file my_file_23.pdb (PDB, C-alpha atoms, pLDDT in the B column)
MODEL        1
ATOM      1  CA  MET A   1      12.087  30.731  18.844  1.00 58.00           C
ATOM      2  CA  ASN A   2       8.956  28.717  19.527  1.00 68.00           C
ATOM      3  CA  LYS A   3       8.111  26.074  16.996  1.00 67.00           C
ATOM      4  CA  PRO A   4       4.389  25.219  16.815  1.00 65.00           C
ATOM      5  CA  SER A   5       3.466  21.596  17.392  1.00 64.00           C
ATOM      6  CA  ASN A   6       1.842  19.753  14.516  1.00 64.00           C
ATOM      7  CA  LYS A   7       0.250  17.185  16.810  1.00 62.00           C
ATOM      8  CA  SER A   8      -3.368  17.485  17.855  1.00 58.00           C
ATOM      9  CA  THR A   9      -4.162  17.487  21.541  1.00 61.00           C
ATOM     10  CA  GLU A  10      -7.821  16.649  20.972  1.00 60.00           C
ATOM     11  CA  THR A  11      -9.277  13.278  21.882  1.00 60.00           C
ATOM     12  CA  LYS A  12     -10.203  10.774  19.232  1.00 57.00           C
ATOM     13  CA  SER A  13     -13.548  11.323  17.577  1.00 54.00           C
ATOM     14  CA  LYS A  14     -16.136   8.704  16.749  1.00 55.00           C
ATOM     15  CA  PHE A  15     -15.064   8.876  13.081  1.00 51.00           C
ATOM     16  CA  GLN A  16     -11.535   7.751  13.889  1.00 53.00           C
ATOM     17  CA  SER A  17     -12.777   4.658  15.724  1.00 54.00           C
ATOM     18  CA  THR A  18     -15.044   3.849  12.752  1.00 62.00           C
ATOM     19  CA  GLY A  19     -11.970   4.015  10.521  1.00 76.00           C
ATOM     20  CA  LYS A  20     -10.301   1.236  12.516  1.00 81.00           C
ATOM     21  CA  LYS A  21     -13.439  -0.879  12.382  1.00 83.00           C
ATOM     22  CA  SER A  22     -13.767  -0.274   8.647  1.00 82.00           C
ATOM     23  CA  LEU A  23     -10.108  -1.158   8.142  1.00 87.00           C
ATOM     24  CA  PHE A  24     -10.582  -4.400  10.086  1.00 89.00           C
ATOM     25  CA  ILE A  25     -13.703  -5.401   8.127  1.00 87.00           C
ATOM     26  CA  GLY A  26     -12.031  -4.454   4.845  1.00 88.00           C
ATOM     27  CA  SER A  27      -9.010  -6.566   5.783  1.00 91.00           C
ATOM     28  CA  LEU A  28     -11.253  -9.562   6.496  1.00 91.00           C
ATOM     29  CA  ILE A  29     -12.950  -9.118   3.118  1.00 92.00           C
ATOM     30  CA  VAL A  30      -9.586  -8.929   1.330  1.00 93.00           C
ATOM     31  CA  ILE A  31      -8.324 -12.038   3.126  1.00 95.00           C
ATOM     32  CA  PHE A  32     -11.515 -13.912   2.205  1.00 94.00           C
ATOM     33  CA  ILE A  33     -11.306 -12.917  -1.473  1.00 94.00           C
ATOM     34  CA  ALA A  34      -7.604 -13.803  -1.588  1.00 95.00           C
ATOM     35  CA  SER A  35      -8.322 -17.225  -0.047  1.00 94.00           C
ATOM     36  CA  THR A  36     -11.084 -18.212  -2.499  1.00 94.00           C
ATOM     37  CA  PRO A  37      -8.704 -20.032  -4.906  1.00 93.00           C
ATOM     38  CA  PHE A  38      -7.481 -22.137  -1.973  1.00 94.00           C
ATOM     39  CA  ILE A  39     -11.059 -22.820  -0.884  1.00 92.00           C
ATOM     40  CA  PHE A  40     -12.021 -23.749  -4.430  1.00 93.00           C
ATOM     41  CA  TYR A  41      -9.168 -26.231  -4.868  1.00 92.00           C
ATOM     42  CA  SER A  42      -9.797 -27.836  -1.465  1.00 88.00           C
ATOM     43  CA  TYR A  43     -11.888 -30.485  -3.265  1.00 87.00           C
ATOM     44  CA  ARG A  44      -8.609 -32.192  -4.215  1.00 87.00           C
ATOM     45  CA  ASN A  45      -8.188 -33.278  -0.594  1.00 84.00           C
ATOM     46  CA  PHE A  46     -11.261 -35.519  -0.642  1.00 84.00           C
ATOM     47  CA  PRO A  47     -11.174 -39.271  -1.428  1.00 81.00           C
ATOM     48  CA  ALA A  48     -11.376 -39.793  -5.193  1.00 83.00           C
ATOM     49  CA  ASP A  49     -12.246 -43.476  -5.312  1.00 84.00           C
ATOM     50  CA  SER A  50     -14.907 -44.065  -2.689  1.00 79.00           C
ATOM     51  CA  GLN A  51     -18.458 -43.124  -1.783  1.00 81.00           C
ATOM     52  CA  VAL A  52     -17.634 -43.746   1.877  1.00 81.00           C
ATOM     53  CA  TRP A  53     -15.275 -41.444   3.734  1.00 78.00           C
ATOM     54  CA  GLU A  54     -13.974 -43.014   6.931  1.00 77.00           C
ATOM     55  CA  THR A  55     -11.810 -41.342   9.524  1.00 76.00           C
ATOM     56  CA  SER A  56     -11.201 -42.089  13.202  1.00 80.00           C
ATOM     57  CA  PHE A  57     -13.851 -39.483  14.083  1.00 85.00           C
ATOM     58  CA  PHE A  58     -16.648 -40.135  11.593  1.00 81.00           C
ATOM     59  CA  THR A  59     -17.918 -42.128   8.629  1.00 82.00           C
ATOM     60  CA  LEU A  60     -19.810 -40.364   5.834  1.00 80.00           C
ATOM     61  CA  HIS A  61     -21.588 -41.703   2.762  1.00 81.00           C
ATOM     62  CA  THR A  62     -22.513 -39.838  -0.428  1.00 82.00           C
ATOM     63  CA  GLU A  63     -24.805 -40.617  -3.357  1.00 82.00           C
ATOM     64  CA  TYR A  64     -22.257 -39.213  -5.827  1.00 83.00           C
ATOM     65  CA  ARG A  65     -19.612 -41.409  -7.484  1.00 84.00           C
ATOM     66  CA  SER A  66     -17.022 -40.261  -4.948  1.00 83.00           C
ATOM     67  CA  TRP A  67     -16.408 -37.645  -2.304  1.00 86.00           C
ATOM     68  CA  PHE A  68     -14.062 -35.970  -4.772  1.00 87.00           C
ATOM     69  CA  ASN A  69     -16.973 -35.373  -7.197  1.00 87.00           C
ATOM     70  CA  TYR A  70     -19.288 -34.221  -4.420  1.00 88.00           C
ATOM     71  CA  ALA A  71     -16.704 -31.770  -3.077  1.00 89.00           C
ATOM     72  CA  TRP A  72     -16.014 -30.439  -6.574  1.00 91.00           C
ATOM     73  CA  PHE A  73     -19.706 -29.749  -7.196  1.00 89.00           C
ATOM     74  CA  LEU A  74     -20.048 -28.218  -3.741  1.00 91.00           C
ATOM     75  CA  VAL A  75     -17.133 -25.776  -3.926  1.00 94.00           C
ATOM     76  CA  SER A  76     -17.972 -24.854  -7.518  1.00 93.00           C
ATOM     77  CA  LYS A  77     -21.236 -23.435  -6.145  1.00 92.00           C
ATOM     78  CA  VAL A  78     -20.182 -22.191  -2.698  1.00 94.00           C
ATOM     79  CA  VAL A  79     -17.247 -20.047  -3.865  1.00 96.00           C
ATOM     80  CA  PRO A  80     -19.105 -18.067  -6.587  1.00 96.00           C
ATOM     81  CA  LEU A  81     -22.189 -17.790  -4.367  1.00 96.00           C
ATOM     82  CA  SER A  82     -20.145 -16.347  -1.503  1.00 95.00           C
ATOM     83  CA  LEU A  83     -18.411 -13.890  -3.855  1.00 95.00           C
ATOM     84  CA  PHE A  84     -21.759 -12.783  -5.317  1.00 95.00           C
ATOM     85  CA  LEU A  85     -23.170 -12.341  -1.789  1.00 94.00           C
ATOM     86  CA  LEU A  86     -20.127 -10.295  -0.803  1.00 94.00           C
ATOM     87  CA  TRP A  87     -20.534  -8.185  -3.929  1.00 93.00           C
ATOM     88  CA  PHE A  88     -24.250  -7.696  -3.255  1.00 91.00           C
ATOM     89  CA  PHE A  89     -23.764  -6.587   0.362  1.00 90.00           C
ATOM     90  CA  THR A  90     -20.821  -4.288  -0.368  1.00 89.00           C
ATOM     91  CA  CYS A  91     -22.012  -2.725  -3.638  1.00 87.00           C
ATOM     92  CA  LYS A  92     -23.162   0.897  -3.370  1.00 85.00           C
ATOM     93  CA  HIS A  93     -24.560   1.234  -6.884  1.00 84.00           C
ATOM     94  CA  TRP A  94     -28.266   1.515  -7.636  1.00 80.00           C
ATOM     95  CA  TRP A  95     -28.229  -1.597  -9.828  1.00 83.00           C
ATOM     96  CA  HIS A  96     -26.929  -3.999  -7.167  1.00 85.00           C
ATOM     97  CA  TRP A  97     -30.354  -5.653  -6.817  1.00 86.00           C
ATOM     98  CA  ILE A  98     -29.857  -7.387 -10.168  1.00 88.00           C
ATOM     99  CA  ILE A  99     -27.069  -9.428  -8.528  1.00 90.00           C
ATOM    100  CA  LEU A 100     -29.870 -11.362  -6.799  1.00 89.00           C
ATOM    101  CA  VAL A 101     -30.501 -13.243 -10.059  1.00 88.00           C
ATOM    102  CA  PRO A 102     -27.137 -15.124 -10.123  1.00 91.00           C
ATOM    103  CA  ILE A 103     -27.335 -15.451  -6.324  1.00 92.00           C
ATOM    104  CA  ALA A 104     -30.680 -17.229  -6.712  1.00 88.00           C
ATOM    105  CA  MET A 105     -29.325 -19.410  -9.524  1.00 87.00           C
ATOM    106  CA  TYR A 106     -26.310 -20.571  -7.502  1.00 90.00           C
ATOM    107  CA  SER A 107     -28.485 -21.011  -4.396  1.00 89.00           C
ATOM    108  CA  PHE A 108     -30.893 -23.350  -6.172  1.00 85.00           C
ATOM    109  CA  GLN A 109     -28.009 -25.310  -7.693  1.00 86.00           C
ATOM    110  CA  LEU A 110     -26.347 -25.555  -4.260  1.00 87.00           C
ATOM    111  CA  TRP A 111     -29.614 -26.757  -2.764  1.00 84.00           C
ATOM    112  CA  GLY A 112     -29.757 -29.540  -5.377  1.00 83.00           C
ATOM    113  CA  ILE A 113     -26.206 -30.583  -4.516  1.00 83.00           C
ATOM    114  CA  LEU A 114     -26.878 -30.575  -0.784  1.00 82.00           C
ATOM    115  CA  ARG A 115     -29.951 -32.761  -1.350  1.00 79.00           C
ATOM    116  CA  GLN A 116     -27.507 -35.076  -3.162  1.00 70.00           C
ATOM    117  CA  SER A 117     -29.628 -35.432  -6.250  1.00 59.00           C
ATOM    118  CA  SER A 118     -26.758 -36.390  -8.524  1.00 53.00           C
ATOM    119  CA  GLY A 119     -29.044 -37.006 -11.502  1.00 58.00           C
ATOM    120  CA  ASN A 120     -29.615 -33.366 -12.440  1.00 59.00           C
ATOM    121  CA  VAL A 121     -26.627 -31.470 -11.105  1.00 54.00           C
ATOM    122  CA  ASP A 122     -26.095 -28.010 -12.609  1.00 55.00           C
ATOM    123  CA  GLU A 123     -29.510 -27.999 -14.187  1.00 59.00           C
ATOM    124  CA  LEU A 124     -30.841 -24.479 -14.040  1.00 56.00           C
ATOM    125  CA  GLU A 125     -34.119 -24.567 -12.204  1.00 69.00           C
ATOM    126  CA  LEU A 126     -35.912 -21.919 -14.232  1.00 71.00           C
ATOM    127  CA  ALA A 127     -39.218 -22.603 -12.572  1.00 74.00           C
ATOM    128  CA  TYR A 128     -37.846 -20.944  -9.441  1.00 75.00           C
ATOM    129  CA  ILE A 129     -35.699 -18.225 -11.015  1.00 80.00           C
ATOM    130  CA  ILE A 130     -38.137 -16.850 -13.621  1.00 83.00           C
ATOM    131  CA  PRO A 131     -40.611 -15.468 -11.030  1.00 84.00           C
ATOM    132  CA  LEU A 132     -37.720 -13.791  -9.223  1.00 83.00           C
ATOM    133  CA  MET A 133     -36.456 -12.323 -12.486  1.00 83.00           C
ATOM    134  CA  ALA A 134     -39.986 -11.206 -13.377  1.00 85.00           C
ATOM    135  CA  VAL A 135     -39.942  -8.995 -10.278  1.00 85.00           C
ATOM    136  CA  ILE A 136     -36.305  -7.879 -10.054  1.00 85.00           C
ATOM    137  CA  VAL A 137     -35.484  -7.064 -13.681  1.00 84.00           C
ATOM    138  CA  PRO A 138     -38.429  -4.685 -14.301  1.00 84.00           C
ATOM    139  CA  ALA A 139     -37.941  -3.105 -10.873  1.00 82.00           C
ATOM    140  CA  VAL A 140     -34.263  -2.421 -11.576  1.00 83.00           C
ATOM    141  CA  TYR A 141     -35.101  -1.094 -15.027  1.00 82.00           C
ATOM    142  CA  LEU A 142     -37.761   1.233 -13.585  1.00 80.00           C
ATOM    143  CA  VAL A 143     -35.264   2.537 -11.024  1.00 79.00           C
ATOM    144  CA  ARG A 144     -32.819   3.130 -13.876  1.00 79.00           C
ATOM    145  CA  ALA A 145     -35.462   4.916 -15.917  1.00 75.00           C
ATOM    146  CA  LYS A 146     -36.448   7.164 -13.003  1.00 74.00           C
ATOM    147  CA  LEU A 147     -32.810   7.996 -12.241  1.00 75.00           C
ATOM    148  CA  PHE A 148     -31.984   8.887 -15.810  1.00 73.00           C
ATOM    149  CA  ASN A 149     -35.261  10.739 -16.156  1.00 67.00           C
ATOM    150  CA  SER A 150     -34.445  12.903 -13.146  1.00 69.00           C
ATOM    151  CA  ILE A 151     -30.876  13.447 -14.373  1.00 68.00           C
ATOM    152  CA  ARG A 152     -32.067  14.592 -17.804  1.00 67.00           C
ATOM    153  CA  GLY A 153     -34.743  16.787 -16.260  1.00 64.00           C
ATOM    154  CA  ASN A 154     -37.598  15.380 -18.335  1.00 57.00           C
ATOM    155  CA  ASP A 155     -41.081  15.303 -16.948  1.00 61.00           C
ATOM    156  CA  LEU A 156     -43.119  12.113 -16.753  1.00 62.00           C
ATOM    157  CA  GLN A 157     -45.270  12.969 -19.782  1.00 69.00           C
ATOM    158  CA  SER A 158     -42.289  13.257 -22.147  1.00 69.00           C
ATOM    159  CA  PHE A 159     -40.932  10.019 -20.680  1.00 64.00           C
ATOM    160  CA  GLU A 160     -44.217   8.236 -21.467  1.00 71.00           C
ATOM    161  CA  GLU A 161     -44.240   9.716 -24.984  1.00 73.00           C
ATOM    162  CA  GLU A 162     -40.726   8.391 -25.537  1.00 71.00           C
ATOM    163  CA  LEU A 163     -41.833   4.910 -24.425  1.00 69.00           C
ATOM    164  CA  ALA A 164     -44.819   5.003 -26.786  1.00 75.00           C
ATOM    165  CA  GLN A 165     -42.701   5.781 -29.864  1.00 76.00           C
ATOM    166  CA  GLU A 166     -42.299   3.022 -32.433  1.00 80.00           C
ATOM    167  CA  LYS A 167     -38.615   2.112 -32.636  1.00 78.00           C
ATOM    168  CA  THR A 168     -36.592  -0.544 -34.353  1.00 81.00           C
ATOM    169  CA  LEU A 169     -34.873  -3.216 -32.304  1.00 76.00           C
ATOM    170  CA  TRP A 170     -31.516  -1.493 -32.827  1.00 81.00           C
ATOM    171  CA  GLY A 171     -33.001   1.835 -31.717  1.00 78.00           C
ATOM    172  CA  GLN A 172     -34.332   0.250 -28.536  1.00 71.00           C
ATOM    173  CA  ILE A 173     -30.942  -1.289 -27.761  1.00 70.00           C
ATOM    174  CA  LYS A 174     -29.215   2.067 -28.335  1.00 72.00           C
ATOM    175  CA  ASP A 175     -31.699   3.737 -25.951  1.00 69.00           C
ATOM    176  CA  LEU A 176     -30.773   1.282 -23.212  1.00 63.00           C
ATOM    177  CA  PHE A 177     -27.195   2.585 -23.204  1.00 62.00           C
ATOM    178  CA  ARG A 178     -27.636   6.312 -23.639  1.00 63.00           C
TER     179      ARG A 178
ENDMDL
END
call {"tool": "encode", "arguments": {"input": "my_file_23.pdb", "output": "structure tokens"}}
result
Amino acid sequence: MNKPSNKSTETKSKFQSTGKKSLFIGSLIVIFIASTPFIFYSYRNFPADSQVWETSFFTLHTEYRSWFNYAWFLVSKVVPLSLFLLWFFTCKHWWHWIILVPIAMYSFQLWGILRQSSGNVDELELAYIIPLMAVIVPAVYLVRAKLFNSIRGNDLQSFEEELAQEKTLWGQIKDLFR
């Protein structure tokens, strides 16, 4: 009695090698996300009572009250910014462009910290973010409208008629989520 073999004798395809690469990249992403609490709390290792940090290799000076404060401000921007960037580059949804708004906000705040302007830390620099939002938010909403318009099968004229209708504020909010 001959028992058939369940093992393939074919060579590995290009899809199987991509699976290993994808598994490796996915593992790196998981390790990074799992290590973010440790990265965030690394600020506790900095000197808490001095503006000068001296070691046998280097001497650094900060404009903040202490290196502890500087490190706290720094990691409180770097960790969320890196997670938002990871989310932006790995997200497959149509709305992922809106993630650029918090990325820009954290980037401008991080830039202020790196310039060591301790006077206005965590001040939202709206002058830089509003123009970005003025482009991204309507663009994302138009993409959403076109997607839902094509899903519902409406033509452009009925879509324009719907936009021209007078609606209450509550009616407009309900339309956003239908």
call {"tool": "resolve_selection", "arguments": {"input": "my_file_23.pdb", "expression": "the PyMOL selection byres ((chain A and resi 23-35) around 12)", "output": "PyMOL selection string"}}
result
chain A and resi 16-22+36-42+79-80+82-87+89-90
call {"tool": "closest_residue", "arguments": {"input": "my_file_23.pdb", "among": "A:Leu74, A:His93, A:Met133, A:Leu142", "to": "Gln109 of chain A", "atoms": "all atoms listed in the file"}}
result
A:Leu74
call {"tool": "atom_distance", "arguments": {"input": "my_file_23.pdb", "atom1": "atom CA of Ser107 of chain A", "atom2": "atom CA of Pro131 of chain A"}}
result
14.9 Å
call {"tool": "resolve_selection", "arguments": {"input": "my_file_23.pdb", "expression": "the PyMOL selection byres ((chain A and resi 140) around 9)", "output": "list in words"}}
result
Trp94, Trp95, His96, Trp97, Ile98, Val135, Ile136, Val137, Pro138, Ala139, Tyr141, Leu142, Val143, Arg144 and Ala145 of chain A
call {"tool": "residues_around", "arguments": {"input": "my_file_23.pdb", "residues": "Arg44 of chain A", "least_positions_apart": "5", "cutoff": "12 Å", "atoms": "all atoms listed in the file", "output": "count of residues only"}}
result
12
